[in-house]
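**Q** Structure file upload.txt (compact mmCIF, C-alpha atoms) right here:
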# COMPACT_ATOMS: atom_id res chain seq x y z
CA MET A 1 9.57 1.97 3.81
CA ARG A 2 6.45 4.11 4.04
CA LEU A 3 5.01 5.55 0.86
CA LEU A 4 1.45 5.87 2.19
CA LEU A 5 1.53 5.86 5.99
CA ARG A 6 4.02 8.73 6.13
CA ASN A 7 1.92 10.36 8.85
CA ARG A 8 3.57 7.97 11.31
CA ASP A 9 6.93 9.59 10.64
CA ILE A 10 5.79 13.18 9.97
CA PRO A 11 3.60 14.85 12.63
CA ASP A 12 0.61 16.88 11.38
CA LEU A 13 0.96 15.63 7.80
CA HIS A 14 -2.76 16.22 7.34
CA ARG A 15 -2.06 19.98 7.30
CA LEU A 16 -1.39 21.43 3.86
CA SER A 17 1.66 23.42 4.99
CA VAL A 18 3.30 20.32 6.47
CA TYR A 19 2.37 18.21 3.46
CA GLN A 20 3.90 20.76 1.08
CA ALA A 21 7.05 21.02 3.20
CA ASN A 22 7.47 17.26 2.69
CA GLY A 23 7.08 17.21 -1.09
CA GLY A 24 3.32 17.58 -1.26
CA TYR A 25 1.71 18.44 -4.62
CA GLU A 26 5.03 18.17 -6.46
CA GLY A 27 3.59 15.14 -8.25
CA LEU A 28 0.62 17.20 -9.46
CA LYS A 29 2.95 19.95 -10.67
CA LYS A 30 4.97 17.41 -12.62
CA ALA A 31 1.83 15.85 -14.07
CA LEU A 32 0.55 19.23 -15.29
CA ALA A 33 3.82 19.71 -17.15
CA MET A 34 3.20 16.42 -19.00
CA LYS A 35 0.62 15.46 -21.57
CA PRO A 36 -2.29 13.49 -20.09
CA ALA A 37 -1.36 10.42 -22.15
CA GLU A 38 2.19 10.59 -20.78
CA VAL A 39 0.85 10.49 -17.20
CA ILE A 40 -1.20 7.41 -18.04
CA ASP A 41 1.85 5.74 -19.58
CA GLU A 42 3.91 6.48 -16.45
CA VAL A 43 1.31 4.87 -14.18
CA LYS A 44 1.07 1.92 -16.55
CA ALA A 45 4.84 1.49 -16.49
CA SER A 46 4.87 1.53 -12.68
CA GLY A 47 2.82 -1.68 -12.48
CA LEU A 48 0.48 -0.13 -9.90
CA ARG A 49 -2.48 -2.46 -9.37
CA GLY A 50 -5.78 -1.51 -7.76
CA ARG A 51 -5.66 -1.85 -3.99
CA GLY A 52 -9.41 -2.09 -3.47
CA GLY A 53 -9.69 -5.82 -4.09
CA ALA A 54 -9.56 -6.76 -7.77
CA GLY A 55 -5.91 -5.83 -8.34
CA PHE A 56 -6.58 -4.50 -11.86
CA PRO A 57 -3.73 -2.36 -13.30
CA ALA A 58 -4.59 1.29 -12.57
CA GLY A 59 -2.94 2.80 -15.66
CA VAL A 60 -4.74 0.35 -17.92
CA LYS A 61 -8.07 1.32 -16.34
CA TRP A 62 -7.30 5.00 -16.98
CA SER A 63 -6.45 4.27 -20.60
CA PHE A 64 -9.96 2.89 -21.21
CA ILE A 65 -11.48 6.36 -20.83
CA PRO A 66 -12.41 7.82 -24.26
CA GLN A 67 -10.51 11.10 -24.50
CA GLU A 68 -12.94 12.58 -27.00
CA GLU A 69 -15.77 12.64 -24.44
CA PRO A 70 -16.27 16.19 -23.10
CA ILE A 71 -17.49 15.10 -19.65
CA LYS A 72 -15.55 12.58 -17.57
CA TYR A 73 -15.30 11.87 -13.85
CA VAL A 74 -13.03 10.37 -11.21
CA ALA A 75 -14.87 8.54 -8.42
CA VAL A 76 -12.80 7.70 -5.35
CA ASN A 77 -14.04 4.58 -3.58
CA ALA A 78 -13.70 5.39 0.12
CA ASP A 79 -16.56 3.14 1.19
CA GLU A 80 -14.21 0.67 2.97
CA SER A 81 -16.89 -1.81 4.04
CA GLU A 82 -14.92 -5.06 3.90
CA THR A 83 -14.73 -6.86 7.22
CA GLY A 84 -11.38 -6.31 8.91
CA THR A 85 -10.36 -3.40 6.66
CA PHE A 86 -9.27 -0.07 8.16
CA LYS A 87 -6.34 1.08 6.00
CA ASP A 88 -8.19 3.74 3.98
CA ARG A 89 -9.43 5.33 7.19
CA GLU A 90 -5.87 5.82 8.47
CA ILE A 91 -4.70 7.20 5.13
CA MET A 92 -7.55 9.72 4.97
CA GLU A 93 -7.13 10.75 8.60
CA GLY A 94 -3.33 10.99 8.59
CA ASN A 95 -2.33 11.71 4.98
CA PRO A 96 -5.44 13.08 3.20
CA HIS A 97 -3.68 15.46 0.83
CA GLN A 98 -1.68 12.64 -0.75
CA MET A 99 -4.95 10.91 -1.63
CA LEU A 100 -6.39 14.18 -2.97
CA GLU A 101 -3.24 14.80 -5.00
CA GLY A 102 -3.43 11.31 -6.48
CA ALA A 103 -7.08 11.82 -7.42
CA LEU A 104 -6.26 15.13 -9.12
CA ILE A 105 -3.36 13.56 -11.06
CA CYS A 106 -5.77 10.87 -12.25
CA ALA A 107 -8.28 13.58 -13.17
CA TRP A 108 -5.64 15.41 -15.24
CA ALA A 109 -4.64 12.17 -16.96
CA ILE A 110 -8.19 11.50 -18.18
CA GLN A 111 -9.13 15.21 -18.39
CA ALA A 112 -11.93 14.81 -15.89
CA THR A 113 -14.38 17.57 -15.15
CA ALA A 114 -14.86 16.65 -11.46
CA VAL A 115 -13.70 14.30 -8.68
CA TYR A 116 -16.20 12.68 -6.31
CA ILE A 117 -15.07 10.99 -3.09
CA TYR A 118 -17.64 8.42 -1.92
CA LEU A 119 -17.35 7.82 1.84
CA ARG A 120 -19.16 5.18 3.84
CA GLY A 121 -21.85 6.70 6.03
CA GLU A 122 -19.94 6.11 9.27
CA PHE A 123 -17.05 8.27 7.98
CA TRP A 124 -18.86 11.57 8.60
CA ASP A 125 -15.90 12.83 10.65
CA ILE A 126 -13.48 12.04 7.83
CA GLY A 127 -15.87 13.80 5.44
CA ASP A 128 -15.54 16.97 7.53
CA LEU A 129 -11.74 16.60 7.55
CA LEU A 130 -11.63 16.14 3.77
CA ASP A 131 -13.91 19.10 3.15
CA GLY A 132 -11.42 21.24 5.06
CA CYS A 133 -8.49 19.80 3.11
CA ILE A 134 -10.28 20.41 -0.20
CA ALA A 135 -10.91 24.03 0.80
CA GLU A 136 -7.20 24.42 1.65
CA ALA A 137 -6.19 22.90 -1.68
CA GLU A 138 -8.56 25.16 -3.60
CA LYS A 139 -7.22 28.26 -1.85
CA ALA A 140 -3.66 27.21 -2.72
CA GLY A 141 -4.60 26.60 -6.36
CA PHE A 142 -4.27 22.81 -6.31
CA ALA A 143 -7.98 22.13 -6.91
CA GLY A 144 -11.02 23.90 -8.28
CA GLU A 145 -10.75 26.60 -10.93
CA ASN A 146 -7.70 27.04 -13.19
CA ILE A 147 -5.47 24.65 -11.25
CA LEU A 148 -1.94 26.08 -10.93
CA GLY A 149 -2.63 28.39 -13.87
CA SER A 150 -2.99 25.48 -16.28
CA GLY A 151 -6.38 26.55 -17.62
CA TRP A 152 -7.81 23.22 -16.43
CA SER A 153 -10.48 23.23 -13.73
CA CYS A 154 -11.56 20.30 -11.59
CA PRO A 155 -13.71 20.66 -8.45
CA VAL A 156 -13.58 17.95 -5.76
CA TYR A 157 -16.66 16.86 -3.82
CA THR A 158 -17.29 14.48 -0.92
CA HIS A 159 -20.40 12.33 -0.64
CA LEU A 160 -21.54 10.21 2.30
CA GLY A 161 -23.24 6.89 1.71
CA ALA A 162 -25.51 5.18 4.20
CA GLY A 163 -23.34 2.31 5.41
CA ALA A 164 -24.24 -0.36 2.83
CA TYR A 165 -21.55 -2.97 2.10
CA ILE A 166 -22.77 -3.41 -1.48
CA CYS A 167 -21.81 0.19 -2.29
CA GLY A 168 -18.17 -0.87 -2.18
CA GLU A 169 -18.90 -2.50 -5.55
CA GLU A 170 -18.09 0.16 -8.12
CA SER A 171 -21.32 0.21 -10.11
CA ALA A 172 -23.49 0.13 -6.95
CA MET A 173 -21.38 2.99 -5.60
CA LEU A 174 -22.04 5.04 -8.75
CA SER A 175 -25.78 4.41 -8.43
CA SER A 176 -25.67 5.55 -4.81
CA LEU A 177 -23.75 8.67 -5.83
CA GLU A 178 -26.55 9.46 -8.26
CA GLY A 179 -29.09 9.21 -5.45
CA VAL A 180 -30.75 5.96 -6.47
CA LEU A 181 -30.75 2.52 -4.86
CA GLY A 182 -27.21 1.21 -4.42
CA GLN A 183 -27.35 -1.96 -6.47
CA PRO A 184 -24.91 -3.39 -9.06
CA ARG A 185 -25.56 -2.57 -12.70
CA VAL A 186 -25.64 -4.87 -15.68
CA ARG A 187 -22.35 -4.61 -17.61
CA PRO A 188 -21.43 -3.70 -20.32
CA PRO A 189 -21.34 -0.76 -20.50
CA PHE A 190 -18.55 -0.58 -17.92
CA PRO A 191 -17.89 2.54 -15.81
CA ALA A 192 -15.02 3.62 -18.10
CA GLN A 193 -17.42 3.66 -21.07
CA LYS A 194 -19.98 6.26 -22.06
CA GLY A 195 -23.26 5.13 -20.55
CA GLY A 196 -21.70 3.06 -17.79
CA GLY A 197 -20.17 5.59 -15.40
CA LEU A 198 -21.40 8.33 -13.09
CA TYR A 199 -24.42 10.05 -14.62
CA ARG A 200 -23.78 7.73 -17.58
CA GLU A 201 -20.50 9.49 -18.36
CA ALA A 202 -17.11 7.76 -18.62
CA THR A 203 -15.67 7.40 -15.10
CA VAL A 204 -12.52 6.06 -13.47
CA VAL A 205 -13.26 4.37 -10.14
CA ASN A 206 -10.21 3.86 -7.93
CA ASN A 207 -9.71 2.97 -4.28
CA VAL A 208 -8.19 5.42 -1.76
CA GLU A 209 -4.98 3.40 -1.34
CA THR A 210 -4.53 3.06 -5.10
CA LEU A 211 -4.64 6.81 -5.72
CA THR A 212 -2.44 7.60 -2.72
CA ASN A 213 0.42 5.77 -4.49
CA VAL A 214 0.21 7.98 -7.58
CA PRO A 215 2.04 11.15 -6.36
CA TRP A 216 5.06 9.05 -5.33
CA ILE A 217 5.12 7.41 -8.77
CA LEU A 218 5.11 10.82 -10.48
CA THR A 219 7.89 12.29 -8.34
CA GLU A 220 10.14 9.23 -8.03
CA GLY A 221 9.39 7.54 -11.35
CA ALA A 222 7.77 4.32 -12.50
CA ASP A 223 11.03 2.36 -12.34
CA ALA A 224 11.55 3.23 -8.66
CA PHE A 225 8.03 2.02 -7.83
CA ARG A 226 8.41 -1.17 -9.85
CA ALA A 227 11.66 -1.91 -8.01
CA ILE A 228 9.60 -2.44 -4.84
CA GLY A 229 7.58 -5.63 -4.43
CA THR A 230 7.43 -8.41 -7.01
CA GLU A 231 7.40 -8.46 -10.79
CA GLN A 232 3.61 -8.80 -10.98
CA SER A 233 2.77 -6.98 -7.73
CA ALA A 234 4.76 -3.75 -7.56
CA GLY A 235 5.01 -1.33 -4.66
CA THR A 236 4.05 -1.51 -1.01
CA LYS A 237 0.74 -2.64 0.43
CA VAL A 238 -1.01 -1.68 3.64
CA PHE A 239 -2.00 -4.92 5.38
CA CYS A 240 -4.79 -4.66 7.97
CA VAL A 241 -4.16 -7.30 10.64
CA SER A 242 -6.76 -8.19 13.26
CA GLY A 243 -8.20 -11.14 15.14
CA HIS A 244 -6.11 -13.29 17.50
CA VAL A 245 -2.95 -11.21 17.22
CA PRO A 246 -0.95 -9.53 20.00
CA ARG A 247 -0.23 -6.44 17.87
CA PRO A 248 -3.15 -5.71 15.51
CA GLY A 249 -3.01 -2.73 13.18
CA ASN A 250 -1.97 -1.48 9.75
CA TYR A 251 1.41 -2.59 8.43
CA GLU A 252 2.85 -1.11 5.23
CA LEU A 253 5.28 -3.60 3.69
CA PRO A 254 6.53 -4.42 0.17
CA LEU A 255 4.26 -6.77 -1.74
CA GLY A 256 5.82 -10.22 -1.67
CA THR A 257 6.50 -10.12 2.07
CA PRO A 258 5.74 -13.63 3.46
CA PHE A 259 2.76 -14.21 5.72
CA ARG A 260 5.19 -15.37 8.40
CA GLU A 261 7.07 -12.08 8.49
CA LEU A 262 3.87 -10.05 8.73
CA LEU A 263 2.06 -12.20 11.29
CA VAL A 264 4.94 -13.51 13.42
CA ASP A 265 7.68 -10.88 13.20
CA HIS A 266 5.46 -7.80 13.08
CA ALA A 267 2.08 -8.76 14.58
CA GLY A 268 3.57 -11.11 17.20
CA CYS A 269 1.56 -14.27 16.46
CA ASP A 270 2.61 -17.71 17.65
CA PRO A 271 2.91 -19.72 14.41
CA ASP A 272 1.87 -22.90 16.24
CA ASN A 273 -1.38 -21.27 17.33
CA ILE A 274 -2.65 -20.03 13.97
CA LYS A 275 -5.52 -22.23 12.91
CA ALA A 276 -6.87 -20.21 10.00
CA ILE A 277 -6.40 -16.94 8.12
CA LEU A 278 -8.87 -14.83 6.20
CA PRO A 279 -6.52 -13.00 3.81
CA SER A 280 -9.17 -10.62 2.46
CA GLY A 281 -11.75 -10.24 5.17
CA GLY A 282 -14.94 -12.22 4.79
CA SER A 283 -14.83 -12.19 1.00
CA GLY A 284 -11.64 -14.16 0.37
CA PRO A 285 -11.41 -17.96 0.64
CA ILE A 286 -10.10 -18.94 4.07
CA VAL A 287 -6.75 -20.76 4.31
CA PRO A 288 -5.27 -22.93 7.10
CA GLY A 289 -2.34 -21.65 9.15
CA THR A 290 0.11 -24.25 7.82
CA ASP A 291 3.83 -23.72 7.20
CA GLU A 292 3.12 -23.72 3.47
CA VAL A 293 0.69 -20.82 3.87
CA LEU A 294 2.90 -18.89 6.31
CA ASP A 295 5.84 -19.13 3.90
CA THR A 296 3.77 -17.85 0.95
CA PRO A 297 4.51 -14.30 -0.30
CA LEU A 298 1.72 -11.78 0.08
CA SER A 299 1.21 -10.91 -3.58
CA TYR A 300 -1.69 -11.09 -6.01
CA GLU A 301 -0.17 -13.97 -7.94
CA ALA A 302 0.95 -16.02 -4.92
CA MET A 303 -2.50 -15.81 -3.31
CA GLN A 304 -4.00 -17.28 -6.46
CA GLY A 305 -1.60 -20.19 -6.05
CA LEU A 306 -3.13 -20.84 -2.61
CA GLY A 307 -6.63 -20.78 -4.06
CA THR A 308 -7.52 -17.49 -2.42
CA ILE A 309 -7.21 -13.75 -3.10
CA LEU A 310 -5.23 -10.89 -1.58
CA GLY A 311 -8.11 -8.49 -2.17
CA SER A 312 -7.89 -5.46 0.10
CA ALA A 313 -5.48 -7.39 2.38
CA SER A 314 -7.70 -7.30 5.45
CA ILE A 315 -6.06 -10.22 7.23
CA ILE A 316 -8.04 -11.79 10.07
CA VAL A 317 -6.22 -14.42 12.15
CA MET A 318 -7.97 -17.19 14.13
CA ASP A 319 -6.24 -19.35 16.72
CA ASN A 320 -6.78 -23.03 17.59
CA SER A 321 -9.70 -22.25 19.91
CA VAL A 322 -11.98 -21.20 17.05
CA ASP A 323 -14.76 -23.41 15.70
CA MET A 324 -14.74 -22.90 11.91
CA THR A 325 -18.43 -23.80 11.66
CA TRP A 326 -19.11 -20.79 13.84
CA VAL A 327 -16.87 -18.67 11.58
CA ALA A 328 -18.81 -19.80 8.51
CA SER A 329 -22.04 -18.87 10.25
CA LYS A 330 -20.85 -15.41 11.35
CA VAL A 331 -19.57 -14.48 7.89
CA THR A 332 -22.73 -15.84 6.26
CA LYS A 333 -24.90 -13.71 8.55
CA PHE A 334 -22.93 -10.68 7.43
CA PHE A 335 -23.47 -11.39 3.74
CA THR A 336 -27.14 -12.28 4.32
CA HIS A 337 -27.66 -8.89 5.92
CA GLU A 338 -25.65 -7.00 3.28
CA SER A 339 -27.03 -8.67 0.15
CA CYS A 340 -28.84 -6.00 -1.86
CA GLY A 341 -31.44 -8.55 -2.95
CA LYS A 342 -31.20 -7.88 -6.67
CA CYS A 343 -29.93 -11.33 -7.72
CA THR A 344 -31.95 -14.42 -6.75
CA PRO A 345 -28.98 -16.76 -6.10
CA CYS A 346 -27.45 -14.31 -3.62
CA ARG A 347 -30.71 -13.19 -1.99
CA GLU A 348 -32.13 -16.69 -1.53
CA GLY A 349 -28.84 -18.54 -1.20
CA THR A 350 -27.52 -16.48 1.70
CA TYR A 351 -30.89 -16.79 3.50
CA TRP A 352 -30.93 -20.57 3.32
CA LEU A 353 -27.24 -20.95 4.11
CA ASP A 354 -27.86 -18.93 7.27
CA LYS A 355 -30.86 -21.05 8.27
CA VAL A 356 -29.13 -24.40 7.75
CA LEU A 357 -25.98 -23.25 9.55
CA ASP A 358 -28.11 -22.19 12.52
CA ARG A 359 -29.62 -25.69 12.55
CA ILE A 360 -26.16 -27.27 12.50
CA LEU A 361 -24.85 -25.06 15.32
CA GLU A 362 -27.92 -25.78 17.44
CA GLY A 363 -27.10 -29.49 17.30
CA GLU A 364 -30.02 -30.40 15.06
CA GLY A 365 -28.04 -30.86 11.85
CA LYS A 366 -27.30 -34.03 9.96
CA PRO A 367 -24.28 -34.99 7.81
CA GLU A 368 -26.34 -34.34 4.68
CA ASP A 369 -26.83 -30.73 5.84
CA VAL A 370 -23.11 -30.10 5.34
CA GLN A 371 -23.41 -31.49 1.80
CA LEU A 372 -26.49 -29.30 1.30
CA ILE A 373 -24.81 -25.99 2.19
CA ASP A 374 -21.75 -26.94 0.16
CA ASN A 375 -24.00 -27.57 -2.85
CA VAL A 376 -25.97 -24.35 -2.36
CA ALA A 377 -22.77 -22.29 -2.09
CA LYS A 378 -21.25 -23.83 -5.21
CA ASN A 379 -24.43 -23.08 -7.15
CA MET A 380 -24.28 -19.42 -6.07
CA ALA A 381 -20.74 -18.89 -7.35
CA GLY A 382 -20.50 -17.09 -10.67
CA THR A 383 -24.24 -16.50 -11.03
CA THR A 384 -24.69 -12.94 -9.77
CA LEU A 385 -24.23 -9.43 -11.19
CA CYS A 386 -21.45 -8.61 -8.75
CA ALA A 387 -18.96 -10.62 -6.73
CA LEU A 388 -21.00 -10.64 -3.51
CA GLY A 389 -22.51 -13.99 -4.49
CA ASP A 390 -19.02 -15.46 -4.77
CA PHE A 391 -17.93 -13.78 -1.55
CA ALA A 392 -20.89 -15.29 0.32
CA ALA A 393 -20.14 -18.74 -1.08
CA ASN A 394 -16.44 -18.67 -0.16
CA PRO A 395 -16.71 -19.05 3.65
CA ILE A 396 -18.92 -22.12 3.21
CA ILE A 397 -16.98 -23.88 0.47
CA HIS A 398 -13.53 -23.33 1.95
CA THR A 399 -14.29 -23.91 5.64
CA ILE A 400 -15.87 -27.26 4.70
CA SER A 401 -12.93 -28.10 2.45
CA ASN A 402 -10.15 -27.06 4.85
CA PHE A 403 -11.75 -27.85 8.21
CA PRO A 404 -14.15 -30.81 7.75
CA ASP A 405 -13.64 -32.06 11.32
CA ASP A 406 -15.17 -28.87 12.74
CA PHE A 407 -18.38 -29.51 10.80
CA ASN A 408 -18.41 -33.23 11.51
CA ALA A 409 -18.26 -32.55 15.24
CA HIS A 410 -21.67 -30.84 14.97
CA VAL A 411 -23.48 -33.35 12.78
CA GLN A 412 -22.19 -36.79 13.77
CA PRO A 413 -24.78 -38.90 15.65
CA LYS A 414 -24.37 -38.77 19.41
CA PRO A 415 -23.81 -41.91 21.53
CA GLU A 416 -27.01 -43.76 22.50
CA GLU A 417 -26.97 -42.57 26.08
CA GLU A 418 -26.90 -38.95 24.92
CA GLN A 419 -29.87 -39.31 22.57
CA PRO A 420 -32.94 -37.34 23.70
CA ALA A 421 -36.04 -39.32 24.73
CA ALA A 422 -38.33 -40.16 21.82
CA ARG A 423 -41.36 -37.92 21.47
CA PRO A 424 -44.82 -39.43 21.08
CA ALA A 425 -46.10 -39.54 17.53
CA ARG A 426 -47.98 -36.41 16.56
CA GLY A 427 -51.73 -36.95 16.78
CA GLY A 428 -51.43 -40.13 18.89
CA ARG A 429 -53.30 -40.61 22.18
CA ARG A 430 -51.43 -40.63 25.44
CA ARG A 431 -52.45 -42.97 28.27
CA ARG A 432 -53.49 -41.39 31.49
CA ALA A 433 -51.37 -42.26 34.44
CA SER A 434 -53.25 -44.70 36.72
CA ALA A 435 -54.40 -43.37 40.03
Written as structure tokens, that's how I'd like the structure from this file.

**A**
Amino acid sequence: MRLLLRNRDIPDLHRLSVYQANGGYEGLKKALAMKPAEVIDEVKASGLRGRGGAGFPAGVKWSFIPQEEPIKYVAVNADESETGTFKDREIMEGNPHQMLEGALICAWAIQATAVYIYLRGEFWDIGDLLDGCIAEAEKAGFAGENILGSGWSCPVYTHLGAGAYICGEESAMLSSLEGVLGQPRVRPPFPAQKGGGLYREATVVNNVETLTNVPWILTEGADAFRAIGTEQSAGTKVFCVSGHVPRPGNYELPLGTPFRELLVDHAGCDPDNIKAILPSGGSGPIVPGTDEVLDTPLSYEAMQGLGTILGSASIIVMDNSVDMTWVASKVTKFFTHESCGKCTPCREGTYWLDKVLDRILEGEGKPEDVQLIDNVAKNMAGTTLCALGDFAANPIIHTISNFPDDFNAHVQPKPEEEQPAARPARGGRRRRASA
């Protein structure tokens, strides 16, 4: 079942004529025949949850927008910076009009005055593609002035960022859109409130994958969408699978599909050679590749039961050859580099985690160093303006918890014969060798 990756079945779906021949923009037509509040209620009833990471119900988010405000915006989060995530790229390259249609339906539902698509800086080629698609849609009357003769106008713009991970966080993304430093904002006010959104106007921020589901919901109905997946996690999900897998790639499957089906049946993994899984790129708590984990459904609620998150479903698989201390170090280096520096716990915590992990990997660590980084990470969690502090803490806390032997192998004292020769005391005199 492909609701989003239809380009794999329909050649040239990125072209407007092909998209229309396969039901394109029928959802927008239906939405324009409904009252905006009715569109919001339909999306609410579908159970669609945000696909960007948080899993917040999309229709509920739309309902927060104050209808009396004259200026409102839709901001499409196409930053896609999470490690191991590449689903939004395929959607925008292969099925861009479905994403545009979903954004315009959202804009009608909240009576937005414009749609902004925020693309990560490396997506300049996709930006060119989308600009062409927007021009096609405007010429056909699906975007821009007086859309389909409704009297409602809504231009669509693309905007390239500069490749900063932090701009995937919605308030940092809005700041970047405004041309200022991309850093998280203090909330409240939230983006959906006056004063908290783009240019301080009420704004809906939704991920590419989230909005691409919306046209199908409008044409097929909320009940049909809710019939797919689980009770709390409706619809399909695009799972990005990478790492030690024979068949990496994007897999669109109903939410609730077990890990085992995705990784073994589809991606071709050997279940006996899965040591660990990152279910949401670097930001989600790592889990071991046990039978219990492999038999767990891939849903928002089931991931919570494992003590992790589904997030954007960027699933990175590691086999038995991987040293989890090295994994913790690599992910920490990423978050150290990408921290915006605004919050002290994240800025300083990631720096010191990186330094101590380097010491451990170089063979100079002690058992108390493992306790130290665990303590630092736990003191970072829940103390920052955005979730990056928690994301940076996760790889430390959960690799130590789930794979203690990997850390112990680096910090346990070596046998006596392997100990390096003692150095002379600093400042002491050395005897000259006799002639």

**Q** So, counting all atoms listed in the file, which residue among A:Lys333, A:Arg347, A:Gly94, A:Lys61 is closest to A:Arg8?

**A**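 For A:Arg8, the nearest of the candidates is A:Gly94.
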
**Q** Dump as CSV the rows for residues of stretch 190-305 of chain A within 12 Å of stretch 75-90 of chain A: closest atom pair and distance in Å with one decimal, only C-alpha atoms counted, ordered by chain and rising residue number.

**A**
residue,atom,partner,partner_atom,distance
A:Pro191,CA,A:Ala75,CA,10.0
A:Ala192,CA,A:Ala75,CA,10.9
A:Gly197,CA,A:Ala75,CA,9.2
A:Leu198,CA,A:Ala75,CA,8.0
A:Tyr199,CA,A:Ala75,CA,11.5
A:Glu201,CA,A:Ala75,CA,11.5
A:Ala202,CA,A:Ala75,CA,10.5
A:Thr203,CA,A:Ala75,CA,6.8
A:Val204,CA,A:Ala75,CA,6.1
A:Val205,CA,A:Ala75,CA,4.8
A:Asn206,CA,A:Val76,CA,5.3
A:Asn207,CA,A:Asn77,CA,4.7
A:Val208,CA,A:Ala78,CA,5.8
A:Glu209,CA,A:Asp88,CA,6.2
A:Thr210,CA,A:Val76,CA,9.5
A:Leu211,CA,A:Val76,CA,8.2
A:Thr212,CA,A:Asp88,CA,9.6
A:Lys237,CA,A:Lys87,CA,9.7
A:Val238,CA,A:Lys87,CA,6.4
A:Phe239,CA,A:Lys87,CA,7.4
A:Cys240,CA,A:Thr85,CA,5.9
A:Val241,CA,A:Gly84,CA,7.5
A:Ser242,CA,A:Gly84,CA,6.6
A:Gly243,CA,A:Gly84,CA,8.5
A:Pro248,CA,A:Gly84,CA,10.6
A:Gly249,CA,A:Phe86,CA,8.5
A:Asn250,CA,A:Lys87,CA,6.3
A:Tyr251,CA,A:Lys87,CA,8.9
A:Glu252,CA,A:Lys87,CA,9.5
A:Ile277,CA,A:Gly84,CA,11.8
A:Leu278,CA,A:Gly84,CA,9.3
A:Pro279,CA,A:Gly84,CA,9.7
A:Ser280,CA,A:Gly84,CA,8.1
A:Gly281,CA,A:Thr83,CA,5.0
A:Gly282,CA,A:Thr83,CA,5.9
A:Ser283,CA,A:Glu82,CA,7.7
A:Gly284,CA,A:Glu82,CA,10.3

**Q** My list of candidates is A:Pro215, A:Thr236, A:Val180, A:Leu160. Which is closest to A:Lys29 when distances are computed with only C-alpha atoms?

**A** A:Pro215

**Q** When distances are computed from only C-alpha atoms, which of A:Val327, A:Ile228, A:Leu218, A:Val317 shows the smallest separation from A:Phe259?

**A**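 With only C-alpha atoms as the atom set, the closest residue is A:Val317.
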
**Q** Can you work out which one of A:Ser171, A:Gly365, A:Thr325, A:Gln111 has the shortest atom-to-atom distance to A:Gly151, counting only C-alpha atoms?

**A** A:Gln111

**Q** Record the distance separating atom CA of A:Gly161 and atom CA of A:Phe335, expressed in Å with one decimal.

**A**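 Distance reported for this atom pair: 18.4 Å.
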
**Q** At a cut-off of 7 Å, using all atoms listed in the file, what residues contact A:Thr384? Leave out same-chain residues fewer than 4 positions from it and give the result as an mmCIF file with C-alpha atoms, in the coordinates of the input.

**A**
data_model
loop_
_atom_site.group_PDB
_atom_site.id
_atom_site.type_symbol
_atom_site.label_atom_id
_atom_site.label_comp_id
_atom_site.auth_asym_id
_atom_site.auth_seq_id
_atom_site.Cartn_x
_atom_site.Cartn_y
_atom_site.Cartn_z
ATOM 1 C CA CYS A 343 -29.930 -11.330 -7.720
ATOM 2 C CA PRO A 345 -28.980 -16.760 -6.100
ATOM 3 C CA CYS A 346 -27.450 -14.310 -3.620
ATOM 4 C CA GLY A 389 -22.510 -13.990 -4.490
#

**Q** Could you jot down the atom CA of A:Gly289 to atom CA of A:Val331 separation for me, Å, one decimal place?

**A**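 Atom CA of A:Val331 lies 18.7 Å from atom CA of A:Gly289.
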
**Q** Could you give me, as an MDAnalysis selection string, the residues that sit within 10 Å of (-10.4, -19.8, 3.9) in the file's coordinates, counting all atoms listed in the file?

**A** chainID A and resid 276:289 306:309 324 328 394:403

**Q** Based on the selection just made, write C-alpha atoms of those residues as a CSV table (one decimal), in the frame of the given file.

**A**
chain,number,residue,atom,x,y,z
A,276,ALA,CA,-6.9,-20.2,10.0
A,277,ILE,CA,-6.4,-16.9,8.1
A,278,LEU,CA,-8.9,-14.8,6.2
A,279,PRO,CA,-6.5,-13.0,3.8
A,280,SER,CA,-9.2,-10.6,2.5
A,281,GLY,CA,-11.8,-10.2,5.2
A,282,GLY,CA,-14.9,-12.2,4.8
A,283,SER,CA,-14.8,-12.2,1.0
A,284,GLY,CA,-11.6,-14.2,0.4
A,285,PRO,CA,-11.4,-18.0,0.6
A,286,ILE,CA,-10.1,-18.9,4.1
A,287,VAL,CA,-6.8,-20.8,4.3
A,288,PRO,CA,-5.3,-22.9,7.1
A,289,GLY,CA,-2.3,-21.6,9.2
A,306,LEU,CA,-3.1,-20.8,-2.6
A,307,GLY,CA,-6.6,-20.8,-4.1
A,308,THR,CA,-7.5,-17.5,-2.4
A,309,ILE,CA,-7.2,-13.8,-3.1
A,324,MET,CA,-14.7,-22.9,11.9
A,328,ALA,CA,-18.8,-19.8,8.5
A,394,ASN,CA,-16.4,-18.7,-0.2
A,395,PRO,CA,-16.7,-19.0,3.6
A,396,ILE,CA,-18.9,-22.1,3.2
A,397,ILE,CA,-17.0,-23.9,0.5
A,398,HIS,CA,-13.5,-23.3,2.0
A,399,THR,CA,-14.3,-23.9,5.6
A,400,ILE,CA,-15.9,-27.3,4.7
A,401,SER,CA,-12.9,-28.1,2.4
A,402,ASN,CA,-10.2,-27.1,4.8
A,403,PHE,CA,-11.8,-27.8,8.2
